[in-house]
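J.: protein_12.tsv is reproduced below (TSV, C-alpha atoms and all ligand atoms).
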chain	number	residue	atom	x	y	z
A	18	MET	CA	56.65	42.40	18.10
A	19	SER	CA	58.70	40.05	20.30
A	20	LYS	CA	57.99	40.12	23.99
A	21	VAL	CA	61.14	41.24	25.84
A	22	HIS	CA	61.62	40.13	29.44
A	23	VAL	CA	64.28	41.93	31.47
A	24	LEU	CA	64.98	39.55	34.37
A	25	ASP	CA	66.21	42.08	36.91
A	26	HIS	CA	66.04	40.05	40.12
A	27	PRO	CA	68.51	41.60	42.61
A	28	LEU	CA	70.72	38.48	42.60
A	29	ILE	CA	70.90	38.57	38.79
A	30	GLN	CA	71.77	42.28	38.78
A	31	HIS	CA	74.48	41.73	41.41
A	32	LYS	CA	76.05	38.85	39.47
A	33	VAL	CA	75.91	40.75	36.14
A	34	THR	CA	77.77	43.64	37.80
A	35	MET	CA	80.50	41.21	38.92
A	36	MET	CA	80.76	39.82	35.39
A	37	ARG	CA	81.24	43.31	33.97
A	38	MET	CA	84.21	44.12	36.20
A	39	THR	CA	87.56	43.93	34.37
A	40	GLU	CA	89.27	42.34	37.38
A	41	THR	CA	86.87	39.37	37.54
A	42	THR	CA	88.90	36.21	36.85
A	43	THR	CA	88.10	33.64	34.16
A	44	LYS	CA	87.07	31.15	36.86
A	45	ASP	CA	84.68	33.60	38.53
A	46	PHE	CA	83.35	34.86	35.19
A	47	ARG	CA	82.51	31.27	34.18
A	48	GLU	CA	80.81	30.52	37.50
A	49	LEU	CA	78.79	33.73	37.35
A	50	ALA	CA	77.61	33.01	33.78
A	51	ASN	CA	76.30	29.63	34.90
A	52	GLU	CA	74.71	30.98	38.08
A	53	ILE	CA	72.86	33.74	36.20
A	54	SER	CA	71.78	31.24	33.53
A	55	LEU	CA	70.29	28.97	36.18
A	56	LEU	CA	68.37	31.87	37.72
A	57	MET	CA	67.14	33.04	34.32
A	58	ALA	CA	66.12	29.51	33.27
A	59	TYR	CA	63.62	29.49	36.15
A	60	GLU	CA	61.71	32.32	34.42
A	61	VAL	CA	62.28	31.16	30.84
A	62	THR	CA	60.64	27.80	31.69
A	63	ARG	CA	57.70	29.36	33.55
A	64	ASP	CA	55.10	28.39	30.90
A	65	LEU	CA	56.25	24.80	30.31
A	66	PRO	CA	53.21	22.54	29.76
A	67	LEU	CA	52.26	20.24	32.62
A	68	LYS	CA	50.27	17.02	32.77
A	69	ASP	CA	48.57	15.16	35.59
A	70	ILE	CA	49.97	11.85	36.82
A	71	GLU	CA	48.76	9.46	39.51
A	72	ILE	CA	51.23	9.05	42.39
A	73	GLU	CA	51.25	7.60	45.84
A	74	THR	CA	52.60	9.62	48.78
A	75	PRO	CA	53.29	7.97	52.17
A	76	ILE	CA	49.79	9.22	53.11
A	77	CYS	CA	47.55	8.47	50.12
A	78	LYS	CA	47.13	8.21	46.35
A	79	THR	CA	46.80	11.56	44.58
A	80	THR	CA	46.96	13.33	41.24
A	81	ALA	CA	49.97	15.62	40.80
A	82	LYS	CA	51.63	17.74	38.11
A	83	THR	CA	54.65	16.78	36.04
A	84	VAL	CA	56.30	18.42	33.02
A	85	ALA	CA	54.61	17.05	29.89
A	86	GLY	CA	56.39	15.32	27.02
A	87	ARG	CA	59.68	16.10	25.38
A	88	SER	CA	60.23	19.51	26.75
A	89	ILE	CA	63.41	21.48	26.33
A	90	GLY	CA	66.27	21.78	23.88
A	91	VAL	CA	69.10	24.13	24.79
A	92	VAL	CA	71.04	25.51	21.82
A	93	PRO	CA	74.17	27.52	22.65
A	94	ILE	CA	75.65	29.69	19.93
A	95	LEU	CA	79.32	28.69	19.89
A	96	ARG	CA	81.48	29.54	21.45
A	97	ALA	CA	80.36	31.90	24.22
A	98	GLY	CA	76.89	30.31	24.51
A	99	LEU	CA	78.57	27.23	26.00
A	100	GLY	CA	79.12	29.25	29.16
A	101	MET	CA	75.37	29.24	29.85
A	102	VAL	CA	74.56	25.57	29.27
A	103	ASP	CA	75.59	23.95	32.56
A	104	GLY	CA	73.56	26.43	34.60
A	105	ILE	CA	70.41	25.58	32.65
A	106	LEU	CA	71.10	21.84	32.81
A	107	THR	CA	71.37	22.07	36.60
A	108	LEU	CA	67.72	23.12	36.57
A	109	VAL	CA	66.54	21.01	33.60
A	110	PRO	CA	68.84	17.97	33.59
A	111	ASN	CA	66.88	16.06	30.93
A	112	ALA	CA	67.14	18.81	28.33
A	113	LYS	CA	68.87	17.88	25.06
A	114	VAL	CA	71.64	20.16	23.82
A	115	GLY	CA	72.22	21.23	20.21
A	116	HIS	CA	75.05	23.44	18.98
A	117	ILE	CA	75.20	26.18	16.38
A	118	GLY	CA	78.66	27.47	15.49
A	119	LEU	CA	78.77	31.12	14.42
A	120	TYR	CA	81.42	33.77	14.65
A	121	ARG	CA	81.25	37.45	13.85
A	122	ASP	CA	83.46	38.48	10.99
A	123	PRO	CA	85.76	41.05	12.62
A	124	GLU	CA	85.52	43.41	9.62
A	125	THR	CA	81.86	43.18	8.62
A	126	HIS	CA	80.46	42.09	12.05
A	127	LEU	CA	78.24	39.67	10.09
A	128	PRO	CA	77.75	36.10	11.40
A	129	VAL	CA	79.54	33.22	9.65
A	130	GLU	CA	78.21	29.66	10.23
A	131	TYR	CA	80.72	26.84	10.82
A	132	TYR	CA	78.77	24.14	12.72
A	133	CYS	CA	75.22	22.94	13.35
A	134	LYS	CA	74.14	19.78	15.21
A	135	LEU	CA	70.68	19.58	16.78
A	136	PRO	CA	68.72	16.93	18.71
A	137	VAL	CA	66.82	14.69	16.24
A	138	ASP	CA	63.49	15.72	17.77
A	139	ALA	CA	64.37	19.42	18.02
A	140	GLU	CA	61.16	20.46	16.24
A	141	GLU	CA	59.07	18.88	19.05
A	142	ARG	CA	60.86	20.81	21.79
A	143	THR	CA	60.82	24.28	23.23
A	144	ILE	CA	64.21	25.52	22.07
A	145	ILE	CA	66.14	27.97	24.26
A	146	VAL	CA	68.86	29.66	22.21
A	147	VAL	CA	71.59	30.91	24.55
A	148	ASP	CA	74.38	33.43	24.02
A	149	PRO	CA	75.71	35.85	26.63
A	150	MET	CA	75.75	38.82	24.24
A	151	LEU	CA	73.08	40.25	21.91
A	152	ALA	CA	74.97	43.05	20.13
A	153	THR	CA	73.95	43.78	16.52
A	154	GLY	CA	71.68	40.75	16.74
A	155	GLY	CA	73.17	39.26	13.58
A	156	SER	CA	74.25	36.00	15.27
A	157	ALA	CA	70.93	35.47	17.06
A	158	VAL	CA	68.84	36.27	13.97
A	159	ALA	CA	70.88	33.78	11.90
A	160	ALA	CA	70.79	31.05	14.58
A	161	ILE	CA	67.02	31.36	14.98
A	162	GLN	CA	66.60	31.19	11.21
A	163	PHE	CA	68.69	27.94	11.07
A	164	LEU	CA	66.39	26.47	13.72
A	165	LYS	CA	63.23	27.53	11.87
A	166	ASP	CA	64.64	26.10	8.61
A	167	ARG	CA	65.02	22.77	10.46
A	168	GLY	CA	61.38	22.80	11.63
A	169	CYS	CA	61.63	24.34	15.11
A	170	LYS	CA	58.54	26.37	15.95
A	171	ASP	CA	58.76	27.14	19.66
A	172	ILE	CA	61.94	29.18	20.16
A	173	LYS	CA	63.05	31.48	22.99
A	174	LEU	CA	66.21	33.57	23.11
A	175	MET	CA	68.17	34.01	26.34
A	176	ASN	CA	71.03	36.50	26.63
A	177	LEU	CA	72.83	38.00	29.59
A	178	ILE	CA	73.43	41.47	28.13
A	179	ALA	CA	71.67	43.05	25.14
A	180	ALA	CA	72.01	46.27	23.17
A	181	PRO	CA	68.82	47.98	21.98
A	182	GLU	CA	70.03	47.44	18.39
A	183	GLY	CA	70.17	43.65	18.90
A	184	VAL	CA	66.77	43.46	20.54
A	185	LYS	CA	65.27	45.40	17.62
A	186	ALA	CA	66.99	43.19	15.02
A	187	VAL	CA	65.61	40.00	16.59
A	188	ALA	CA	62.16	41.51	17.13
A	189	ASP	CA	62.00	42.65	13.49
A	190	ALA	CA	63.22	39.35	12.02
A	191	HIS	CA	61.51	36.95	14.45
A	192	PRO	CA	58.54	38.64	16.15
A	193	ASP	CA	57.31	35.25	17.42
A	194	VAL	CA	60.45	34.70	19.56
A	195	GLU	CA	60.37	35.87	23.17
A	196	ILE	CA	63.62	37.45	24.36
A	197	TYR	CA	64.91	37.05	27.92
A	198	ILE	CA	67.78	39.27	29.06
A	199	ALA	CA	69.41	40.13	32.36
A	200	SER	CA	70.35	43.67	31.30
A	201	LEU	CA	69.42	46.07	28.50
A	202	ASP	CA	72.54	48.19	28.04
A	203	GLU	CA	72.92	51.62	26.43
A	204	ARG	CA	74.23	51.09	22.89
A	205	LEU	CA	76.91	49.63	20.61
A	206	ASN	CA	80.30	51.25	20.08
A	207	ASP	CA	82.05	51.67	16.70
A	208	HIS	CA	83.32	48.05	16.88
A	209	ALA	CA	79.81	46.74	17.55
A	210	TYR	CA	80.68	45.96	21.18
A	211	ILE	CA	78.02	46.56	23.82
A	212	VAL	CA	78.47	49.68	26.02
A	213	PRO	CA	79.03	49.36	28.95
A	214	GLY	CA	78.81	45.58	28.37
A	215	LEU	CA	81.47	43.23	29.67
A	216	GLY	CA	83.93	43.02	26.78
A	217	ASP	CA	84.40	39.88	24.70
A	218	ALA	CA	82.33	37.19	26.41
A	219	GLY	CA	84.02	34.25	24.65
A	220	ASP	CA	87.52	35.44	25.51
A	221	ARG	CA	86.59	36.13	29.12
A	222	LEU	CA	84.89	32.72	29.50
A	223	PHE	CA	87.71	30.71	28.01
A	224	GLY	CA	90.71	32.88	28.92
A	225	THR	CA	91.78	33.36	25.33
A	226	LYS	CA	92.89	36.98	25.69
A	301	LIG	C1	79.92	37.05	20.22
A	301	LIG	C2	78.76	36.67	21.09
A	301	LIG	C3	77.64	36.51	20.09
A	301	LIG	C4	77.97	37.56	19.09
A	301	LIG	C5	77.07	38.73	19.34
A	301	LIG	O1	80.46	35.93	19.62
A	301	LIG	O2	78.98	35.52	21.86
A	301	LIG	O3	77.60	35.24	19.48
A	301	LIG	O4	79.33	37.94	19.28
A	301	LIG	O5	77.24	39.70	18.37
A	301	LIG	P1	76.12	40.08	17.31
A	301	LIG	O6	74.85	40.23	18.09
A	301	LIG	O7	76.62	41.38	16.75
A	301	LIG	O8	76.06	38.99	16.29
A	301	LIG	P2	81.84	36.00	18.78
A	301	LIG	O9	81.57	36.25	17.34
A	301	LIG	O10	82.79	36.96	19.45
A	301	LIG	O11	82.36	34.52	18.84
A	301	LIG	P3	82.83	33.62	20.09
A	301	LIG	O12	81.58	33.26	20.85
A	301	LIG	O13	83.46	32.46	19.44
A	301	LIG	O14	83.79	34.42	20.94
A	302	LIG	N1	80.39	40.03	21.39
A	302	LIG	C1	80.90	40.11	22.65
A	302	LIG	O1	81.49	39.15	23.15
A	302	LIG	N2	80.77	41.28	23.32
A	302	LIG	C2	80.14	42.35	22.79
A	302	LIG	O2	80.05	43.39	23.47
A	302	LIG	C3	79.62	42.23	21.50
A	302	LIG	C4	79.75	41.06	20.82
Could you take the file, read its structure, and then write that structure out as structure tokens?
T.:
Amino acid sequence: MSKVHVLDHPLIQHKVTMMRMTETTTKDFRELANEISLLMAYEVTRDLPLKDIEIETPICKTTAKTVAGRSIGVVPILRAGLGMVDGILTLVPNAKVGHIGLYRDPETHLPVEYYCKLPVDAEERTIIVVDPMLATGGSAVAAIQFLKDRGCKDIKLMNLIAAPEGVKAVADAHPDVEIYIASLDERLNDHAYIVPGLGDAGDRLFGTK
């Protein structure tokens, strides 16, 4: 069973509430998505491996910790996942970024792949898959499977808002993947939208509706 982390720091809860509000503008919605992603990235990277290096402070030589090796790959699920990338890169500026293009078929709600480009050394990195919404879980399950098919072994999933149905789908299909969310909402509606959710994350991020 996947480990599910609900990152309910007060600042994260406050910002998620602002994202939910219908009157929040595209500009504010975008800024909030990045701010929450930065805060969440702090927890998602908590177990990054460290190594000792020798350094010299103004006082003396010493041994100190630094992040070991090629560490992070951030993989947004297009298009809405793009809204979380800059926040993570503010915290982890050397991370490489891959892209997986998926959209939900409006009739079947099943994910359709249209793009995939990953860092060449993706399989050596801890991959953080990002998407604001985990609804049925179809998109996340498919994206994680693409990554595993390309050799990635250390994968984490980071969403802003999840439905219980989506969490279960990912946990069933990929029990090795830890899931980090800012809010576990009530359910899906008949159109597979999260309730109460925040509406269509891609449209709200990019102002397309
Ligand atoms: C949204 C969202 C997820 C997906 C979640 O993307 O960003 O990728 O739906 O739904 P699921 O868990 O049921 O698969 P959408 O298909 O609306 O595409 P977009 O990002 O291009 O707006
Ligand atoms: N995709 C979204 O953007 N919002 C939802 O609530 C579900 C899927």
J.: Write out as JSON lines the residues of chain A that have any atom within 9 Å of an atom of ligand LIG 301 (chain A), one row each with the nearest atom pair and its distance in Å to one decimal, counting all atoms listed in the file, sorted by chain and then rising number.
T.:
{"residue": "A:Ile94", "atom": "CA", "partner": "A:LIG301", "partner_atom": "O3", "distance": 5.9}
{"residue": "A:Leu95", "atom": "CA", "partner": "A:LIG301", "partner_atom": "O12", "distance": 5.2}
{"residue": "A:Arg96", "atom": "CA", "partner": "A:LIG301", "partner_atom": "O12", "distance": 3.8}
{"residue": "A:Ala97", "atom": "CA", "partner": "A:LIG301", "partner_atom": "O12", "distance": 3.8}
{"residue": "A:Gly98", "atom": "CA", "partner": "A:LIG301", "partner_atom": "O2", "distance": 6.2}
{"residue": "A:Leu99", "atom": "CA", "partner": "A:LIG301", "partner_atom": "O12", "distance": 8.5}
{"residue": "A:Gly118", "atom": "CA", "partner": "A:LIG301", "partner_atom": "O13", "distance": 8.0}
{"residue": "A:Leu119", "atom": "CA", "partner": "A:LIG301", "partner_atom": "O9", "distance": 6.5}
{"residue": "A:Tyr120", "atom": "CA", "partner": "A:LIG301", "partner_atom": "O9", "distance": 3.7}
{"residue": "A:Arg121", "atom": "CA", "partner": "A:LIG301", "partner_atom": "O9", "distance": 3.7}
{"residue": "A:Asp122", "atom": "CA", "partner": "A:LIG301", "partner_atom": "O9", "distance": 7.0}
{"residue": "A:Pro123", "atom": "CA", "partner": "A:LIG301", "partner_atom": "O9", "distance": 7.9}
{"residue": "A:His126", "atom": "CA", "partner": "A:LIG301", "partner_atom": "O7", "distance": 6.1}
{"residue": "A:Leu127", "atom": "CA", "partner": "A:LIG301", "partner_atom": "O8", "distance": 6.6}
{"residue": "A:Pro128", "atom": "CA", "partner": "A:LIG301", "partner_atom": "O8", "distance": 5.9}
{"residue": "A:Val129", "atom": "CA", "partner": "A:LIG301", "partner_atom": "O9", "distance": 8.5}
{"residue": "A:Val147", "atom": "CA", "partner": "A:LIG301", "partner_atom": "O3", "distance": 9.0}
{"residue": "A:Asp148", "atom": "CA", "partner": "A:LIG301", "partner_atom": "O2", "distance": 5.5}
{"residue": "A:Pro149", "atom": "CA", "partner": "A:LIG301", "partner_atom": "O2", "distance": 5.8}
{"residue": "A:Met150", "atom": "CA", "partner": "A:LIG301", "partner_atom": "C2", "distance": 4.9}
{"residue": "A:Leu151", "atom": "CA", "partner": "A:LIG301", "partner_atom": "O6", "distance": 4.2}
{"residue": "A:Ala152", "atom": "CA", "partner": "A:LIG301", "partner_atom": "O6", "distance": 3.5}
{"residue": "A:Thr153", "atom": "CA", "partner": "A:LIG301", "partner_atom": "O7", "distance": 3.6}
{"residue": "A:Gly154", "atom": "CA", "partner": "A:LIG301", "partner_atom": "O6", "distance": 3.5}
{"residue": "A:Gly155", "atom": "CA", "partner": "A:LIG301", "partner_atom": "O8", "distance": 4.0}
{"residue": "A:Ser156", "atom": "CA", "partner": "A:LIG301", "partner_atom": "O8", "distance": 3.6}
{"residue": "A:Ala157", "atom": "CA", "partner": "A:LIG301", "partner_atom": "O6", "distance": 6.3}
{"residue": "A:Val158", "atom": "CA", "partner": "A:LIG301", "partner_atom": "O8", "distance": 8.1}
{"residue": "A:Ala159", "atom": "CA", "partner": "A:LIG301", "partner_atom": "O8", "distance": 8.6}
{"residue": "A:Ala179", "atom": "CA", "partner": "A:LIG301", "partner_atom": "O6", "distance": 8.2}
{"residue": "A:Ala180", "atom": "CA", "partner": "A:LIG301", "partner_atom": "O6", "distance": 8.4}
{"residue": "A:Glu182", "atom": "CA", "partner": "A:LIG301", "partner_atom": "O6", "distance": 8.7}
{"residue": "A:Gly183", "atom": "CA", "partner": "A:LIG301", "partner_atom": "O6", "distance": 5.9}
{"residue": "A:Ala186", "atom": "CA", "partner": "A:LIG301", "partner_atom": "O6", "distance": 8.9}
{"residue": "A:Ala209", "atom": "CA", "partner": "A:LIG301", "partner_atom": "O7", "distance": 6.3}
{"residue": "A:Tyr210", "atom": "CA", "partner": "A:LIG301", "partner_atom": "O7", "distance": 7.6}
{"residue": "A:Ile211", "atom": "CA", "partner": "A:LIG301", "partner_atom": "O5", "distance": 8.8}
{"residue": "A:Asp217", "atom": "CA", "partner": "A:LIG301", "partner_atom": "O10", "distance": 6.2}
{"residue": "A:Ala218", "atom": "CA", "partner": "A:LIG301", "partner_atom": "O2", "distance": 5.9}
{"residue": "A:Gly219", "atom": "CA", "partner": "A:LIG301", "partner_atom": "O14", "distance": 3.7}
{"residue": "A:Asp220", "atom": "CA", "partner": "A:LIG301", "partner_atom": "O14", "distance": 6.0}
{"residue": "A:Arg221", "atom": "CA", "partner": "A:LIG301", "partner_atom": "O14", "distance": 8.8}
{"residue": "A:Leu222", "atom": "CA", "partner": "A:LIG301", "partner_atom": "O14", "distance": 8.8}
{"residue": "A:Phe223", "atom": "CA", "partner": "A:LIG301", "partner_atom": "O14", "distance": 8.9}
J.: Restricting the calculation to only C-alpha atoms and all ligand atoms, which member of A:His191, A:Lys170, A:Lys165, A:Arg37 is positioned closest to ligand LIG 302 (chain A)?
T.: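 Comparing A:His191, A:Lys170, A:Lys165, A:Arg37 against ligand LIG 302 (chain A), the winner is A:Arg37.
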J.: Can you tell me which residues surround A:Pro181 at a distance of at most 8 Å, considering all atoms listed in the file, apart from same-chain residues fewer than 2 positions away, and format the answer as a ChimeraX atom specification?
T.: /A:179,183-185,201-204
J.: One decimal, in Å: what's the spacing between atom CA of A:Ser19 and atom CA of A:Met57?
T.: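 Atom CA of A:Met57 lies 17.8 Å from atom CA of A:Ser19.
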J.: Would you be able to write out as a PyMOL selection string which residues have an atom within 9 Å of (70.0, 40.3, 36.2) in the file's coordinates, counting only C-alpha atoms?
T.: chain A and resi 23-34+53+56-57+177-178+198-200
J.: Produce a file of the selected residues containing C-alpha atoms, as a PDB file, in the coordinates of the input.
T.:
ATOM      1  CA  VAL A  23      64.280  41.930  31.470  1.00  0.00           C
ATOM      2  CA  LEU A  24      64.980  39.550  34.370  1.00  0.00           C
ATOM      3  CA  ASP A  25      66.210  42.080  36.910  1.00  0.00           C
ATOM      4  CA  HIS A  26      66.040  40.050  40.120  1.00  0.00           C
ATOM      5  CA  PRO A  27      68.510  41.600  42.610  1.00  0.00           C
ATOM      6  CA  LEU A  28      70.720  38.480  42.600  1.00  0.00           C
ATOM      7  CA  ILE A  29      70.900  38.570  38.790  1.00  0.00           C
ATOM      8  CA  GLN A  30      71.770  42.280  38.780  1.00  0.00           C
ATOM      9  CA  HIS A  31      74.480  41.730  41.410  1.00  0.00           C
ATOM     10  CA  LYS A  32      76.050  38.850  39.470  1.00  0.00           C
ATOM     11  CA  VAL A  33      75.910  40.750  36.140  1.00  0.00           C
ATOM     12  CA  THR A  34      77.770  43.640  37.800  1.00  0.00           C
ATOM     13  CA  ILE A  53      72.860  33.740  36.200  1.00  0.00           C
ATOM     14  CA  LEU A  56      68.370  31.870  37.720  1.00  0.00           C
ATOM     15  CA  MET A  57      67.140  33.040  34.320  1.00  0.00           C
ATOM     16  CA  LEU A 177      72.830  38.000  29.590  1.00  0.00           C
ATOM     17  CA  ILE A 178      73.430  41.470  28.130  1.00  0.00           C
ATOM     18  CA  ILE A 198      67.780  39.270  29.060  1.00  0.00           C
ATOM     19  CA  ALA A 199      69.410  40.130  32.360  1.00  0.00           C
ATOM     20  CA  SER A 200      70.350  43.670  31.300  1.00  0.00           C
TER      21      SER A 200
END
J.: Which residue is closest to A:Asp166? Choose from A:Ala139, A:Met101, A:Arg63, A:Leu106 and count all atoms listed in the file.
T.: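 Smallest distance to A:Asp166 is found for A:Ala139.
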J.: From the list A:Leu205, A:Ile144, A:Leu67, A:Val84, which residue is nearest ligand LIG 302 (chain A) when using only C-alpha atoms and all ligand atoms?
T.: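 The shortest atom-to-atom distance to ligand LIG 302 (chain A) comes from A:Leu205.
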J.: From (61.8, 42.0, 24.9), in the file's coordinates, out to 7 Å: which residues are reached, counting all atoms listed in the file? Answer as an MDAnalysis selection string.
T.: chainID A and resid 19:22 184 195:197
J.: Near A:Val92, within 8 Å and counting only C-alpha atoms, which residues show up once chain neighbours fewer than 2 positions away are dropped, as a PyMOL selection string?
T.: chain A and resi 90+94+114-117+135+144-147
J.: Which residues are close to A:Lys113, i.e. within 8 Å by all atoms listed in the file, leaving aside same-chain residues fewer than 4 positions away? Reply as a PDB file with C-alpha atoms, keeping the file's coordinate frame.
T.:
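Okay, this is what ended up in around34.pdb:
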ATOM      1  CA  ILE A  89      63.410  21.480  26.330  1.00  0.00           C
ATOM      2  CA  GLY A  90      66.270  21.780  23.880  1.00  0.00           C
ATOM      3  CA  VAL A  91      69.100  24.130  24.790  1.00  0.00           C
ATOM      4  CA  PRO A 136      68.720  16.930  18.710  1.00  0.00           C
TER       5      PRO A 136
END
J.: Report, in Å with one decimal, the straight-line distance from atom CA of A:Leu215 to atom CA of A:Met36.
T.: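 Computed distance, atom CA of A:Leu215 to atom CA of A:Met36, equals 6.7 Å.
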J.: What is the atom CA of A:Val212 to atom O2 of ligand LIG 302 (chain A) distance in Å?
T.: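 We find that atom CA of A:Val212 and atom O2 of ligand LIG 302 (chain A) lie 7.0 Å from each other.
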J.: I'd like the contact shell of A:Val194 - 7 Å cut-off, only C-alpha atoms, skipping same-chain residues fewer than 5 positions apart - returned as a compact mmCIF listing (two decimals) with C-alpha atoms, keeping the file's coordinate frame.
T.:
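That gives us selection.txt:
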# COMPACT_ATOMS: atom_id res chain seq x y z
CA SER A 19 58.70 40.05 20.30
CA ILE A 172 61.94 29.18 20.16
CA LYS A 173 63.05 31.48 22.99
CA LEU A 174 66.21 33.57 23.11
J.: Name the closest residue to ligand LIG 302 (chain A) among the candidates A:Tyr132, A:Tyr59, A:Gly100, A:Asp171; distances are taken between atoms, counting all atoms listed in the file.
T.: A:Gly100
J.: Would you please work out which residue, of A:Thr143, A:Thr107, A:Thr125, A:Ser88, is nearest to A:Leu55 when using only C-alpha atoms?
T.: A:Thr107
J.: Tell me, as a list of chain:residue names, which residues lie within 10 Å of A:Ile72, counting all atoms listed in the file; anything in the same chain fewer than 4 positions away does not count.
T.: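 Non-adjacent residues within range: A:Cys77, A:Lys78, A:Thr79, A:Thr80, A:Ala81, A:Lys82.
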